>>> print(open('final_12.cif').read())   # mmCIF, C-alpha atoms
data_coords
#
loop_
_atom_site.label_atom_id
_atom_site.label_comp_id
_atom_site.auth_asym_id
_atom_site.auth_seq_id
_atom_site.Cartn_x
_atom_site.Cartn_y
_atom_site.Cartn_z
CA MET X 220 3.74 -25.40 -38.31
CA LYS X 221 5.01 -23.09 -41.08
CA TYR X 222 1.91 -20.91 -40.63
CA TYR X 223 2.46 -20.62 -36.85
CA ALA X 224 6.19 -19.95 -37.35
CA LEU X 225 5.51 -17.12 -39.81
CA CYS X 226 2.88 -15.67 -37.45
CA GLY X 227 5.52 -15.77 -34.71
CA PHE X 228 7.96 -14.00 -37.04
CA GLY X 229 5.32 -11.34 -37.67
CA GLY X 230 4.99 -10.99 -33.89
CA ILE X 231 8.77 -10.52 -33.49
CA LEU X 232 8.77 -7.71 -36.06
CA SER X 233 5.59 -6.04 -34.81
CA CYS X 234 6.51 -5.97 -31.10
CA GLY X 235 10.31 -5.70 -31.28
CA ILE X 236 10.39 -2.78 -33.72
CA THR X 237 7.51 -0.78 -32.26
CA HIS X 238 8.51 -1.03 -28.59
CA THR X 239 12.11 -0.08 -29.43
CA ALA X 240 10.89 2.91 -31.46
CA VAL X 241 9.07 4.38 -28.44
CA VAL X 242 11.84 3.77 -25.86
CA PRO X 243 12.19 7.56 -25.15
CA LEU X 244 8.48 7.86 -24.28
CA ASP X 245 8.60 4.60 -22.29
CA LEU X 246 11.63 5.85 -20.33
CA VAL X 247 9.87 9.09 -19.36
CA LYS X 248 6.69 7.16 -18.50
CA CYS X 249 8.65 4.82 -16.17
CA ARG X 250 10.40 7.73 -14.47
CA LEU X 251 7.06 9.50 -13.98
CA GLN X 252 5.76 6.38 -12.25
CA VAL X 253 8.71 5.81 -9.92
CA ASP X 254 9.63 9.46 -9.16
CA PRO X 255 6.56 11.70 -9.75
CA ASP X 256 7.90 14.46 -7.48
CA LYS X 257 10.91 15.02 -9.72
CA TYR X 258 9.46 14.48 -13.20
CA LYS X 259 5.87 15.74 -12.66
CA SER X 260 4.74 15.63 -16.35
CA ILE X 261 5.70 14.18 -19.74
CA PHE X 262 7.29 17.43 -20.96
CA LYS X 263 9.14 17.96 -17.67
CA GLY X 264 10.33 14.37 -17.86
CA PHE X 265 11.78 14.85 -21.34
CA SER X 266 13.47 18.16 -20.47
CA ILE X 267 15.06 16.83 -17.23
CA THR X 268 16.26 13.64 -18.96
CA ILE X 269 17.85 15.59 -21.85
CA LYS X 270 19.41 18.09 -19.43
CA GLU X 271 20.94 15.37 -17.23
CA ASP X 272 21.83 12.68 -19.78
CA GLY X 273 21.75 14.40 -23.19
CA MET X 274 19.80 13.11 -26.20
CA ARG X 275 21.51 9.71 -25.87
CA GLY X 276 19.92 9.34 -22.44
CA LEU X 277 16.50 8.98 -24.09
CA ALA X 278 17.64 5.68 -25.66
CA LYS X 279 18.50 4.03 -22.33
CA GLY X 280 17.19 0.48 -22.19
CA TRP X 281 16.78 0.00 -25.95
CA ALA X 282 18.60 -3.38 -26.02
CA PRO X 283 16.54 -5.21 -23.37
CA THR X 284 13.43 -3.60 -24.88
CA PHE X 285 14.20 -4.96 -28.35
CA ILE X 286 15.18 -8.46 -27.15
CA GLY X 287 12.43 -8.78 -24.55
CA TYR X 288 9.55 -7.56 -26.68
CA SER X 289 10.72 -9.54 -29.72
CA MET X 290 10.50 -12.70 -27.61
CA GLN X 291 7.15 -11.59 -26.24
CA GLY X 292 5.83 -10.88 -29.76
CA LEU X 293 6.91 -14.32 -30.94
CA CYS X 294 4.90 -16.00 -28.18
CA LYS X 295 1.99 -13.53 -28.13
CA PHE X 296 1.05 -13.67 -31.81
CA GLY X 297 2.29 -17.20 -32.53
CA PHE X 298 0.52 -18.82 -29.58
CA TYR X 299 -2.62 -16.71 -30.14
CA GLU X 300 -3.06 -18.33 -33.54
CA VAL X 301 -2.36 -21.77 -32.01
CA PHE X 302 -4.85 -21.36 -29.15
CA LYS X 303 -7.52 -19.70 -31.29
CA ILE X 304 -7.55 -22.60 -33.75
CA THR X 305 -7.24 -25.23 -30.99
CA TYR X 306 -10.09 -23.81 -28.90
CA SER X 307 -12.22 -23.26 -32.01
CA ASP X 308 -11.79 -26.90 -33.08
CA PHE X 309 -12.68 -27.99 -29.53
CA ILE X 310 -15.98 -26.05 -29.26
CA GLY X 311 -17.08 -26.45 -32.91
CA GLU X 312 -18.07 -24.05 -35.69
CA GLU X 313 -21.40 -22.86 -34.26
CA ASN X 314 -20.07 -22.14 -30.77
CA THR X 315 -17.02 -20.44 -32.29
CA TYR X 316 -19.35 -17.90 -33.90
CA LEU X 317 -21.70 -17.51 -30.92
CA TRP X 318 -18.88 -17.24 -28.37
CA ARG X 319 -16.26 -15.59 -30.57
CA THR X 320 -15.47 -12.78 -28.11
CA SER X 321 -14.88 -15.34 -25.35
CA LEU X 322 -12.73 -17.33 -27.78
CA TYR X 323 -10.56 -14.26 -28.51
CA LEU X 324 -10.26 -13.54 -24.78
CA ALA X 325 -9.32 -17.13 -23.86
CA ALA X 326 -6.82 -17.56 -26.71
CA SER X 327 -5.09 -14.23 -26.06
CA ALA X 328 -4.90 -14.81 -22.27
CA SER X 329 -3.37 -18.26 -22.82
CA ALA X 330 -0.79 -16.86 -25.26
CA GLU X 331 0.16 -13.94 -23.02
CA PHE X 332 0.79 -16.24 -20.04
CA PHE X 333 3.76 -17.75 -21.90
CA ALA X 334 4.75 -14.48 -23.58
CA ASP X 335 5.31 -12.79 -20.20
CA ILE X 336 7.61 -15.56 -18.99
CA ALA X 337 9.73 -14.82 -22.08
CA LEU X 338 9.56 -11.04 -21.49
CA ALA X 339 10.15 -10.84 -17.70
CA PRO X 340 14.01 -10.98 -17.55
CA MET X 341 14.51 -8.23 -20.14
CA GLU X 342 11.70 -6.08 -18.67
CA ALA X 343 13.44 -6.22 -15.27
CA CYS X 344 16.74 -5.11 -16.84
CA LYS X 345 15.06 -2.36 -18.86
CA VAL X 346 13.34 -0.78 -15.85
CA ARG X 347 16.51 -1.00 -13.71
CA ILE X 348 18.58 0.76 -16.43
CA GLN X 349 15.93 3.44 -17.03
CA THR X 350 15.00 4.29 -13.44
CA CYS X 351 18.17 3.76 -11.36
CA PRO X 352 20.76 6.40 -12.33
CA GLY X 353 24.30 5.05 -12.09
CA TYR X 354 23.23 1.42 -11.64
CA ALA X 355 24.11 0.27 -15.16
CA SER X 356 24.29 2.02 -18.52
CA ASN X 357 23.58 -1.01 -20.73
CA LEU X 358 22.33 -4.60 -20.74
CA ARG X 359 25.84 -6.11 -20.60
CA GLN X 360 26.44 -4.39 -17.26
CA CYS X 361 22.93 -4.71 -15.86
CA ALA X 362 22.11 -8.43 -16.23
CA PRO X 363 25.28 -9.82 -14.53
CA LYS X 364 25.03 -7.22 -11.74
CA MET X 365 21.39 -8.06 -11.00
CA PHE X 366 22.17 -11.79 -11.02
CA ALA X 367 25.15 -11.31 -8.65
CA GLU X 368 23.08 -9.22 -6.21
CA GLU X 369 19.72 -11.01 -6.21
CA GLY X 370 20.14 -14.26 -8.16
CA LEU X 371 17.69 -15.58 -10.76
CA TRP X 372 14.73 -14.20 -8.76
CA ALA X 373 15.74 -10.66 -9.81
CA PHE X 374 14.59 -11.41 -13.36
CA TYR X 375 11.30 -13.10 -12.46
CA LYS X 376 10.04 -11.29 -9.36
CA GLY X 377 8.01 -9.05 -11.66
CA VAL X 378 6.34 -11.88 -13.60
CA VAL X 379 3.11 -11.91 -11.54
CA PRO X 380 2.59 -8.13 -11.86
CA LEU X 381 3.50 -8.57 -15.55
CA TRP X 382 0.68 -11.11 -15.86
CA MET X 383 -1.61 -8.63 -14.05
CA ARG X 384 -0.63 -5.93 -16.56
CA GLN X 385 -0.18 -7.85 -19.78
CA ILE X 386 -2.94 -10.47 -19.66
CA PRO X 387 -5.82 -7.92 -19.36
CA TYR X 388 -3.94 -5.74 -21.88
CA THR X 389 -3.59 -8.56 -24.41
CA MET X 390 -7.16 -9.80 -23.91
CA MET X 391 -8.38 -6.28 -24.69
CA LYS X 392 -5.86 -5.92 -27.53
CA PHE X 393 -7.02 -9.00 -29.41
CA ALA X 394 -10.73 -9.14 -28.53
CA CYS X 395 -11.29 -5.40 -29.02
CA PHE X 396 -9.31 -5.46 -32.28
CA GLU X 397 -11.18 -8.46 -33.71
CA ARG X 398 -14.60 -7.04 -32.83
CA THR X 399 -13.69 -3.50 -33.98
CA VAL X 400 -12.58 -4.82 -37.37
CA GLU X 401 -15.90 -6.68 -37.60
CA LEU X 402 -17.89 -3.52 -36.74
CA LEU X 403 -15.87 -1.28 -39.08
CA TYR X 404 -16.57 -3.52 -42.07
CA LYS X 405 -20.23 -3.81 -41.06
CA HIS X 406 -21.03 -0.16 -40.32
CA VAL X 407 -18.23 2.13 -41.57
CA VAL X 408 -16.47 0.69 -44.63
CA PRO X 409 -18.83 1.20 -47.60
CA LYS X 410 -18.03 -2.14 -49.28
CA PRO X 411 -17.38 -5.75 -48.20
CA ARG X 412 -13.81 -6.68 -47.24
CA ALA X 413 -13.50 -8.95 -50.29
CA GLU X 414 -13.91 -5.88 -52.52
CA CYS X 415 -11.34 -3.78 -50.59
CA SER X 416 -7.76 -3.56 -51.83
CA LYS X 417 -4.94 -4.83 -49.58
CA SER X 418 -3.96 -1.24 -48.73
CA GLU X 419 -7.57 -0.37 -47.78
CA GLN X 420 -7.72 -3.46 -45.57
CA LEU X 421 -4.48 -2.41 -43.84
CA VAL X 422 -5.95 1.05 -43.13
CA VAL X 423 -8.89 -0.66 -41.37
CA THR X 424 -6.35 -2.78 -39.47
CA PHE X 425 -4.49 0.37 -38.31
CA VAL X 426 -7.66 2.19 -37.17
CA ALA X 427 -8.99 -0.86 -35.30
CA GLY X 428 -5.56 -1.32 -33.72
CA TYR X 429 -5.47 2.25 -32.40
CA ILE X 430 -8.97 2.00 -30.92
CA ALA X 431 -8.01 -1.26 -29.21
CA GLY X 432 -4.77 0.31 -27.95
CA VAL X 433 -6.52 3.12 -26.06
CA PHE X 434 -8.63 0.60 -24.10
CA CYS X 435 -5.54 -1.59 -23.57
CA ALA X 436 -3.64 1.26 -21.93
CA ILE X 437 -6.46 2.08 -19.51
CA VAL X 438 -7.15 -1.47 -18.27
CA SER X 439 -3.48 -2.36 -17.75
CA HIS X 440 -2.03 0.90 -16.40
CA PRO X 441 -2.30 0.30 -12.62
CA ALA X 442 -0.36 -2.97 -12.94
CA ASP X 443 2.18 -1.24 -15.21
CA SER X 444 2.87 1.30 -12.44
CA VAL X 445 3.45 -1.55 -9.97
CA VAL X 446 5.86 -3.29 -12.37
CA SER X 447 7.90 -0.12 -12.86
CA VAL X 448 8.34 0.52 -9.12
CA LEU X 449 8.85 -3.18 -8.31
CA ASN X 450 11.72 -3.59 -10.77
CA LYS X 451 13.34 -0.35 -9.58
CA GLU X 452 13.41 -1.24 -5.89
CA SER X 453 15.20 -4.42 -4.85
CA GLY X 454 13.48 -6.43 -2.11
CA SER X 455 10.06 -4.90 -2.78
CA SER X 456 6.80 -6.83 -3.23
CA ALA X 457 3.78 -6.19 -5.46
CA ILE X 458 1.40 -5.69 -2.49
CA GLY X 459 3.88 -3.36 -0.78
CA VAL X 460 4.26 -1.24 -3.91
CA LEU X 461 0.47 -1.11 -4.37
CA LYS X 462 0.01 0.19 -0.82
CA LYS X 463 2.78 2.74 -1.30
CA LEU X 464 1.37 4.12 -4.56
CA GLY X 465 -2.24 4.29 -3.40
CA PRO X 466 -5.35 4.71 -5.61
CA LYS X 467 -4.11 7.93 -7.27
CA GLY X 468 -0.48 6.91 -7.63
CA VAL X 469 -1.22 3.90 -9.84
CA TRP X 470 -2.65 6.22 -12.52
CA LYS X 471 0.46 8.43 -12.82
CA GLY X 472 1.75 8.53 -16.40
CA LEU X 473 -1.55 7.38 -17.95
CA VAL X 474 -1.62 10.06 -20.67
CA ALA X 475 1.89 9.15 -21.83
CA ARG X 476 0.92 5.48 -21.84
CA ILE X 477 -2.30 6.04 -23.84
CA ILE X 478 -0.30 7.90 -26.51
CA MET X 479 2.39 5.21 -26.47
CA ILE X 480 0.13 2.14 -26.38
CA GLY X 481 -2.43 3.50 -28.86
CA THR X 482 0.31 4.13 -31.43
CA LEU X 483 2.11 0.90 -30.56
CA THR X 484 -0.96 -1.30 -30.89
CA ALA X 485 -2.00 0.27 -34.19
CA LEU X 486 1.50 -0.18 -35.64
CA GLN X 487 1.80 -3.73 -34.28
CA TRP X 488 -1.42 -4.86 -35.96
CA PHE X 489 -0.41 -3.03 -39.16
CA ILE X 490 3.01 -4.73 -39.27
CA TYR X 491 1.57 -8.13 -38.31
CA ASP X 492 -1.14 -7.94 -40.97
CA SER X 493 1.43 -6.72 -43.53
CA VAL X 494 3.58 -9.79 -42.81
CA LYS X 495 0.52 -11.99 -43.40
CA VAL X 496 -0.14 -10.19 -46.69
CA TYR X 497 3.52 -10.49 -47.78
CA PHE X 498 3.74 -14.22 -47.07
CA ARG X 499 0.20 -14.78 -48.41
CA LEU X 500 -0.93 -16.32 -45.13
CA PRO X 501 -4.66 -16.95 -44.54
CA ARG X 502 -6.46 -13.79 -43.36
CA PRO X 503 -10.02 -14.89 -42.60
CA PRO X 504 -12.78 -12.33 -43.33
CA PRO X 505 -14.95 -11.03 -40.46
CA PRO X 506 -16.92 -13.98 -39.03
CA GLU X 507 -20.32 -14.82 -40.43
CA MET X 508 -23.03 -17.02 -38.95
CA PRO X 509 -22.62 -20.64 -40.11
CA GLU X 510 -25.37 -21.99 -42.39
CA SER X 511 -26.20 -24.76 -39.88
CA LEU X 512 -26.84 -22.14 -37.18
CA LYS X 513 -28.96 -20.03 -39.53
CA LYS X 514 -31.18 -23.07 -40.14
CA LYS X 515 -31.48 -23.80 -36.42
CA LEU X 516 -32.51 -20.20 -35.73
CA GLY X 517 -34.91 -20.15 -38.66
CA PHE X 518 -33.06 -17.55 -40.72
CA THR X 519 -33.09 -19.79 -43.81
CA GLU X 520 -35.63 -22.20 -45.23
#
>>> encode(input="final_12.cif", output="structure tokens")
Amino acid sequence: MKYYALCGFGGILSCGITHTAVVPLDLVKCRLQVDPDKYKSIFKGFSITIKEDGMRGLAKGWAPTFIGYSMQGLCKFGFYEVFKITYSDFIGEENTYLWRTSLYLAASASAEFFADIALAPMEACKVRIQTCPGYASNLRQCAPKMFAEEGLWAFYKGVVPLWMRQIPYTMMKFACFERTVELLYKHVVPKPRAECSKSEQLVVTFVAGYIAGVFCAIVSHPADSVVSVLNKESGSSAIGVLKKLGPKGVWKGLVARIIMIGTLTALQWFIYDSVKVYFRLPRPPPPEMPESLKKKLGFTE
């Protein structure tokens, strides 16, 4: 339990800090998605926001971002470790190696299901603050106002689109990261991981995290566009928003999101792995074929 708790703590730090750090870029990305006629591009979005709200305007939504993504990080990383070990024990050592990509996908999808339930209320507040000028300037104003107008549903109406966005994102984030680390040590790093220093290992972690982040952004962007518009407009539905945006509209803001998510994912894995190093938590090396499987396949005498 201590191991899972410390992994959850690592998740809080990795997600809470990184998402809060990129609030200005996230704000412009959300505005691009919900009002493309006004904001048109990343640079135009920044200039209009600073002109209308000043530099402080770029920090709108920082509080729900920090709280929401800290809770999400706790569940995402903590439960990933729980499900990965649970599923691995269930299918056995040989199948864990043979089906490791499927294991990463299943464990991360299971963890993200619960992580999004924790994130949804704060995500709804964040988008409303960032994309509805004059609605509320901070979380203390926004949450009670949303509850008074729409009830508890206001905070959870975006949970299904969140699952559509975050579950594919997290599956890619964990599976792509795990396999990229494996490939980097096999084909790029000139020595085995055991011979690498902790700082060298963390560099590999950062690079693998960035590569995973680019793919994450692409697979989850259409659903992210739906979430942004859905949380801005009261009384809207996911299907209605999808029809309104159309095939081209769901890809608005993709460049900003690739920059944001690539950097975010790399930093998240770096912070998470650093927490594991600091607390001396187990950090298993890249998977190797079990001896029993080698014998079955005739690789050993």
>>> resolve_selection(input="final_12.cif", expression="the PyMOL selection byres ((chain X and resi 327) around 9)", output="MDAnalysis selection string")
chainID X and resid 295:296 298:300 302:303 322:326 328:332 386 389:394
>>> residues_around(input="final_12.cif", residues="Pro506 in chain X", least_positions_apart="2", cutoff="7 Å", atoms="only C-alpha atoms", output="number ranges by chain")
X: 316, 504, 508
>>> closest_atom_pairs(input="final_12.cif", of="range 261-290 of chain X", to="range 342-364 of chain X", cutoff="10 Å", atoms="all atoms listed in the file", output="Markdown table")
| residue | atom | partner | partner_atom | distance |
| --- | --- | --- | --- | --- |
| X:Asp272 | CA | X:Pro352 | CA | 9.8 |
| X:Gly276 | CA | X:Gln349 | CA | 8.9 |
| X:Leu277 | CA | X:Gln349 | CA | 9.0 |
| X:Ala278 | CA | X:Gln349 | CA | 9.1 |
| X:Lys279 | CA | X:Gln349 | CA | 5.9 |
| X:Gly280 | CA | X:Lys345 | CA | 4.9 |
| X:Trp281 | CA | X:Lys345 | CA | 7.7 |
| X:Ala282 | CA | X:Leu358 | CA | 6.6 |
| X:Pro283 | CA | X:Lys345 | CA | 5.5 |
| X:Thr284 | CA | X:Lys345 | CA | 6.4 |
| X:Phe285 | CA | X:Lys345 | CA | 9.9 |
| X:Ile286 | CA | X:Glu342 | CA | 9.5 |
| X:Gly287 | CA | X:Glu342 | CA | 6.5 |
| X:Tyr288 | CA | X:Glu342 | CA | 8.4 |
>>> write_last_selection(input="final_12.cif", atoms="C-alpha atoms", output="short mmCIF file (atom, residue, chain, number, x, y, z; two decimals), keeping the file's coordinate frame")
data_model
loop_
_atom_site.label_atom_id
_atom_site.label_comp_id
_atom_site.auth_asym_id
_atom_site.auth_seq_id
_atom_site.Cartn_x
_atom_site.Cartn_y
_atom_site.Cartn_z
CA ASP X 272 21.83 12.68 -19.78
CA GLY X 276 19.92 9.34 -22.44
CA LEU X 277 16.50 8.98 -24.09
CA ALA X 278 17.64 5.68 -25.66
CA LYS X 279 18.50 4.03 -22.33
CA GLY X 280 17.19 0.48 -22.19
CA TRP X 281 16.78 0.00 -25.95
CA ALA X 282 18.60 -3.38 -26.02
CA PRO X 283 16.54 -5.21 -23.37
CA THR X 284 13.43 -3.60 -24.88
CA PHE X 285 14.20 -4.96 -28.35
CA ILE X 286 15.18 -8.46 -27.15
CA GLY X 287 12.43 -8.78 -24.55
CA TYR X 288 9.55 -7.56 -26.68
#
>>> atom_distance(input="final_12.cif", atom1="CA of Ser456 in chain X", atom2="CA of Tyr375 in chain X")
12.0 Å
>>> closest_residue(input="final_12.cif", among="X:Pro466, X:Gly273, X:Pro409, X:Gly481", to="Phe425 in chain X", atoms="all atoms listed in the file")
X:Gly481
>>> residues_around(input="final_12.cif", residues="Glu419 in chain X", least_positions_apart="6", cutoff="12 Å", atoms="all atoms listed in the file", output="ChimeraX atom specification")
/X:404,408-413,425-426,489,493
>>> atom_distance(input="final_12.cif", atom1="CA of His440 in chain X", atom2="CA of Val400 in chain X")
24.2 Å
>>> closest_residue(input="final_12.cif", among="X:Arg275, X:Gly472, X:Leu516, X:Thr424", to="Pro441 in chain X", atoms="all atoms listed in the file")
X:Gly472
>>> closest_residue(input="final_12.cif", among="X:Gly370, X:Ile336, X:Gly297, X:Glu397", to="Pro503 in chain X", atoms="all atoms listed in the file")
X:Glu397
>>> closest_residue(input="final_12.cif", among="X:Met341, X:Cys234, X:Leu486, X:Ile267", to="Ala373 in chain X", atoms="only C-alpha atoms")
X:Met341
>>> closest_residue(input="final_12.cif", among="X:Asp245, X:Ser289, X:Ser455, X:Phe396", to="Ile477 in chain X", atoms="only C-alpha atoms")
X:Asp245
>>> atom_distance(input="final_12.cif", atom1="CA of Phe518 in chain X", atom2="CA of Cys395 in chain X")
27.5 Å
>>> resolve_selection(input="final_12.cif", expression="the PyMOL selection byres ((chain X and resi 220) around 12)", output="VMD selection string")
chain X and resid 221 to 227 297 to 298 300 to 301
>>> decode(input="final_12.cif", residues="range 286-296 of chain X", atoms="all heavy atoms", output="PDB file, in the first residue's frame")
ATOM      1  N   ILE X 286      -6.076  21.684  -8.978  1.00  0.00           N
ATOM      2  CA  ILE X 286      -6.822  20.723  -8.135  1.00  0.00           C
ATOM      3  C   ILE X 286      -7.261  19.519  -8.963  1.00  0.00           C
ATOM      4  O   ILE X 286      -7.064  18.364  -8.578  1.00  0.00           O
ATOM      5  CB  ILE X 286      -8.049  21.406  -7.484  1.00  0.00           C
ATOM      6  CG1 ILE X 286      -7.602  22.524  -6.538  1.00  0.00           C
ATOM      7  CG2 ILE X 286      -8.894  20.372  -6.725  1.00  0.00           C
ATOM      8  CD1 ILE X 286      -8.723  23.453  -6.094  1.00  0.00           C
ATOM      9  N   GLY X 287      -7.868  19.793 -10.122  1.00  0.00           N
ATOM     10  CA  GLY X 287      -8.409  18.718 -10.951  1.00  0.00           C
ATOM     11  C   GLY X 287      -7.349  17.750 -11.438  1.00  0.00           C
ATOM     12  O   GLY X 287      -7.507  16.530 -11.340  1.00  0.00           O
ATOM     13  N   TYR X 288      -6.253  18.285 -11.955  1.00  0.00           N
ATOM     14  CA  TYR X 288      -5.228  17.407 -12.521  1.00  0.00           C
ATOM     15  C   TYR X 288      -4.356  16.749 -11.450  1.00  0.00           C
ATOM     16  O   TYR X 288      -3.747  15.710 -11.705  1.00  0.00           O
ATOM     17  CB  TYR X 288      -4.401  18.156 -13.572  1.00  0.00           C
ATOM     18  CG  TYR X 288      -5.165  18.268 -14.873  1.00  0.00           C
ATOM     19  CD1 TYR X 288      -5.945  19.385 -15.154  1.00  0.00           C
ATOM     20  CD2 TYR X 288      -5.163  17.224 -15.791  1.00  0.00           C
ATOM     21  CE1 TYR X 288      -6.687  19.470 -16.325  1.00  0.00           C
ATOM     22  CE2 TYR X 288      -5.895  17.300 -16.967  1.00  0.00           C
ATOM     23  CZ  TYR X 288      -6.656  18.419 -17.226  1.00  0.00           C
ATOM     24  OH  TYR X 288      -7.396  18.487 -18.380  1.00  0.00           O
ATOM     25  N   SER X 289      -4.309  17.339 -10.250  1.00  0.00           N
ATOM     26  CA  SER X 289      -3.653  16.648  -9.130  1.00  0.00           C
ATOM     27  C   SER X 289      -4.447  15.398  -8.753  1.00  0.00           C
ATOM     28  O   SER X 289      -3.873  14.322  -8.549  1.00  0.00           O
ATOM     29  CB  SER X 289      -3.537  17.587  -7.919  1.00  0.00           C
ATOM     30  OG  SER X 289      -2.646  18.639  -8.180  1.00  0.00           O
ATOM     31  N   MET X 290      -5.766  15.552  -8.688  1.00  0.00           N
ATOM     32  CA  MET X 290      -6.624  14.393  -8.377  1.00  0.00           C
ATOM     33  C   MET X 290      -6.543  13.350  -9.482  1.00  0.00           C
ATOM     34  O   MET X 290      -6.504  12.147  -9.232  1.00  0.00           O
ATOM     35  CB  MET X 290      -8.084  14.851  -8.191  1.00  0.00           C
ATOM     36  CG  MET X 290      -8.321  15.772  -7.010  1.00  0.00           C
ATOM     37  SD  MET X 290      -7.744  15.038  -5.461  1.00  0.00           S
ATOM     38  CE  MET X 290      -8.801  13.611  -5.351  1.00  0.00           C
ATOM     39  N   GLN X 291      -6.522  13.832 -10.720  1.00  0.00           N
ATOM     40  CA  GLN X 291      -6.414  12.906 -11.849  1.00  0.00           C
ATOM     41  C   GLN X 291      -5.082  12.152 -11.816  1.00  0.00           C
ATOM     42  O   GLN X 291      -5.028  10.952 -12.047  1.00  0.00           O
ATOM     43  CB  GLN X 291      -6.542  13.672 -13.165  1.00  0.00           C
ATOM     44  CG  GLN X 291      -6.655  12.752 -14.375  1.00  0.00           C
ATOM     45  CD  GLN X 291      -5.981  13.320 -15.608  1.00  0.00           C
ATOM     46  OE1 GLN X 291      -4.990  14.037 -15.507  1.00  0.00           O
ATOM     47  NE2 GLN X 291      -6.507  13.010 -16.769  1.00  0.00           N
ATOM     48  N   GLY X 292      -3.989  12.878 -11.514  1.00  0.00           N
ATOM     49  CA  GLY X 292      -2.666  12.247 -11.453  1.00  0.00           C
ATOM     50  C   GLY X 292      -2.573  11.193 -10.371  1.00  0.00           C
ATOM     51  O   GLY X 292      -1.966  10.131 -10.559  1.00  0.00           O
ATOM     52  N   LEU X 293      -3.194  11.485  -9.229  1.00  0.00           N
ATOM     53  CA  LEU X 293      -3.243  10.518  -8.126  1.00  0.00           C
ATOM     54  C   LEU X 293      -3.843   9.198  -8.587  1.00  0.00           C
ATOM     55  O   LEU X 293      -3.285   8.120  -8.355  1.00  0.00           O
ATOM     56  CB  LEU X 293      -4.062  11.109  -6.969  1.00  0.00           C
ATOM     57  CG  LEU X 293      -4.442  10.163  -5.831  1.00  0.00           C
ATOM     58  CD1 LEU X 293      -3.229   9.769  -5.007  1.00  0.00           C
ATOM     59  CD2 LEU X 293      -5.503  10.796  -4.935  1.00  0.00           C
ATOM     60  N   CYS X 294      -4.993   9.292  -9.260  1.00  0.00           N
ATOM     61  CA  CYS X 294      -5.706   8.082  -9.715  1.00  0.00           C
ATOM     62  C   CYS X 294      -5.015   7.444 -10.916  1.00  0.00           C
ATOM     63  O   CYS X 294      -4.894   6.218 -10.987  1.00  0.00           O
ATOM     64  CB  CYS X 294      -7.153   8.426 -10.075  1.00  0.00           C
ATOM     65  SG  CYS X 294      -8.124   9.064  -8.707  1.00  0.00           S
ATOM     66  N   LYS X 295      -4.555   8.280 -11.856  1.00  0.00           N
ATOM     67  CA  LYS X 295      -3.956   7.765 -13.099  1.00  0.00           C
ATOM     68  C   LYS X 295      -2.714   6.918 -12.823  1.00  0.00           C
ATOM     69  O   LYS X 295      -2.631   5.763 -13.219  1.00  0.00           O
ATOM     70  CB  LYS X 295      -3.586   8.933 -14.010  1.00  0.00           C
ATOM     71  CG  LYS X 295      -3.101   8.525 -15.406  1.00  0.00           C
ATOM     72  CD  LYS X 295      -2.318   9.638 -16.086  1.00  0.00           C
ATOM     73  CE  LYS X 295      -3.115  10.876 -16.352  1.00  0.00           C
ATOM     74  NZ  LYS X 295      -3.670  10.944 -17.713  1.00  0.00           N
ATOM     75  N   PHE X 296      -1.753   7.479 -12.118  1.00  0.00           N
ATOM     76  CA  PHE X 296      -0.495   6.770 -11.870  1.00  0.00           C
ATOM     77  C   PHE X 296      -0.632   5.727 -10.763  1.00  0.00           C
ATOM     78  O   PHE X 296      -0.067   4.633 -10.861  1.00  0.00           O
ATOM     79  CB  PHE X 296       0.624   7.766 -11.539  1.00  0.00           C
ATOM     80  CG  PHE X 296       1.152   8.491 -12.735  1.00  0.00           C
ATOM     81  CD1 PHE X 296       0.624   9.721 -13.119  1.00  0.00           C
ATOM     82  CD2 PHE X 296       2.178   7.953 -13.500  1.00  0.00           C
ATOM     83  CE1 PHE X 296       1.116  10.394 -14.232  1.00  0.00           C
ATOM     84  CE2 PHE X 296       2.681   8.621 -14.616  1.00  0.00           C
ATOM     85  CZ  PHE X 296       2.143   9.842 -14.978  1.00  0.00           C
TER      86      PHE X 296
END
